[in-house]
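For reference, the structure discussed in these notes is given below.
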Amino acid sequence: MRLLQKTNRAYFLISGTAFIIAGVVFYFVISFFFRDQLNEKLFHDIRNITKSIRRKGTIPNYYPFIDIREIPAQPERSFKIIDTLIFDAFERRENLYRQISLIRIINGKEYFIAARDTLIEEDDLLEVIALVTGSIFILLLVSLYFINRKLSLKIWQPFYNTLDQLKEFSHDKPGFKLSSDSQLYEFTELNKTLEKLTQKVISDYQSLKRFTEDASHEIQTPLAVIQSKLETLMQYSGLKEEQAELINSAYVYTLRISKLTQTLLLLTKIANDQFPEKRATDLSELLGEKIKMFEDQILEKSLTLNKEIEPDCILETNFFLAESLVINLIGNAVKHNINSGMINVILDINHLEISNNGEPLPVSASKLFDRFYKTDKSSDSPGLGLAIVREICRLNKWEINYIYKDSLHKVVINF
């Protein structure tokens with residue numbers, strides 16, 4: 001929901017509540033005021049009628065508005081104010097009247113005098129007030145909506161400009177600046193804060209990039225020297241068997257450290273989006289080539305390979321990352337398969353599916369793509385292959401899923 005929609009809803013809700021309350025109050029105020037004015041008028045009519053009888057001595061006939069009749073002497077002469085229904089022969093229905101009645105002595109005689117006037121029925125009054133209030137409310141809301149919309153779009157335009165600029169932000173492009181022509185203090189401060197933040201992100205990224213490159217170089221160089229020295233030692237003919245085993249073990253571990261360093265460096269580069277170069281990559285051809293790399297291992301474990309690869313599946317991606325993804329998935333399917341097991345490779349323009357036989361995972365499937373996760377703790381693998389696959393999918397905005405069904409581990413990537 002947009003901010004403008006949320007504020008408009010709040011305006012409508014508050015305004016609607018206020019207008020309903022105002023309508024109710026208005027109804028009672030108008031009703032009270034009208035009845036009070038009508039009472040004053042009826043008292044005035046009674047005074048005029050009384051003066052007329054005293055002066056002329058005759059009883060006027062203004063029924064139903066004035067009702068005068070001579071009556072016997074009464075012990076009580078208080079007045080009454082009531083609302084009464086009187087049948088109107090012309091309209092053929094009963095109308096509501098406000099009536100004030102009293103007894104007065106005029107020229108030595110007692111008279112019953114009742115002054116009446118038509119009273120607006122409450123239903124009619126309520127209908128009129130509701131119609132007027134509703135019309136004003138709708139007119140006001142429509143006006144507020146368009147005025148608020150126009151003002152909000154104008155006021156918030158610098159914010160949207162800043163948002164558009166932030167969408168184009170990239171941490172590998174130094175010199176990023178936010179331009180804003182807003183005169184509002186809040187938006188100016190927002191831009192200043194965001195600019196400081198983006199500069200900090202760029203600075204941290206550049207520092208991390210230099211660190212990973214330097215660390216890789218500084219680690220790989222001594223490892224290469226150690227490997228070279230160990231290879232030279234392994235060539236000596238006078239080594240005892242125990243010495244040769246120790247040297248070979250040290251050599252194997254240096255190779256593992258070197259591979260681990262390279263893999264961690266690759267993960268860091270992927271996470272930092274240091275593979276911006278993308279080109280049309282034929283995944284069908286790439287998949288076929290990498291499967292051939294594992295033919296010896298497939299034969300060694302007597303695996304059955306089933307392929308359903310559509311030709312010319314072209315994806316816009318970094319070639320090196322696509323190659324790394326395919327190698328890791330196929331290598332994982334071969335390495336963790338059972339003897340005489342099966343590997344299924346399915347590829348079309350929408351998805352890639354690689355499955356292999358194997359026992360169920362000993363832990364939750366959500367840990368499968370975690371770094372350093374290994375189902376076989378004795379394996380010499382660092383447990384980073386599927387973590388790399390997940391990072392490559394994240395970078396390309398591909399969806400990756402794992403399914404275990406019918407003794408098959410399936411990794412499915414939707415492009």
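Identifiers in this document derive from the order of the structure tokens: chains are assigned A, B, ..., residues are numbered from 1 separately in each chain, and ligands are numbered from 1 in order of occurrence.
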
Exercise: range 224-235 of chain A partners within 8 Å, only C-alpha atoms, chain neighbours under 6 positions left out, as a ChimeraX atom specification: /A:244,247-248,250-251,254-255

For Leu144 in chain A, find every residue with an atom within 12 Å (counting only C-alpha atoms), except residues of its own chain fewer than 6 positions away, and show them as a list in words.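 Answer for this query is Thr7, Asn8, Arg9, Tyr11, Phe12, Ser15, Ile136, Phe137, Ile138, Lys150, Leu151 and Ser152 of chain A.
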
Mind checking which residues fall within 8 Å of Asp348 in chain A, counting only C-alpha atoms, ignoring those fewer than 4 positions away in the same chain, and posting them as JSON, numbers by chain? {"A": [309, 310, 313, 352]}

Neighbour list for range 64-69 of chain A as a PyMOL selection string, cut-off 12 Å, only C-alpha atoms, skip fewer than 2 positions in-chain: chain A and resi 41-43+45-50+53+58-62+71-72+84-89+94-106+109-119

Would you please give, as a ChimeraX atom specification, all residues of range 283-394 of chain A that DSSP assigns to helix (DSSP H, G or I) based on the backbone? /A:283-293,295-300,319-335,365-367,385-394
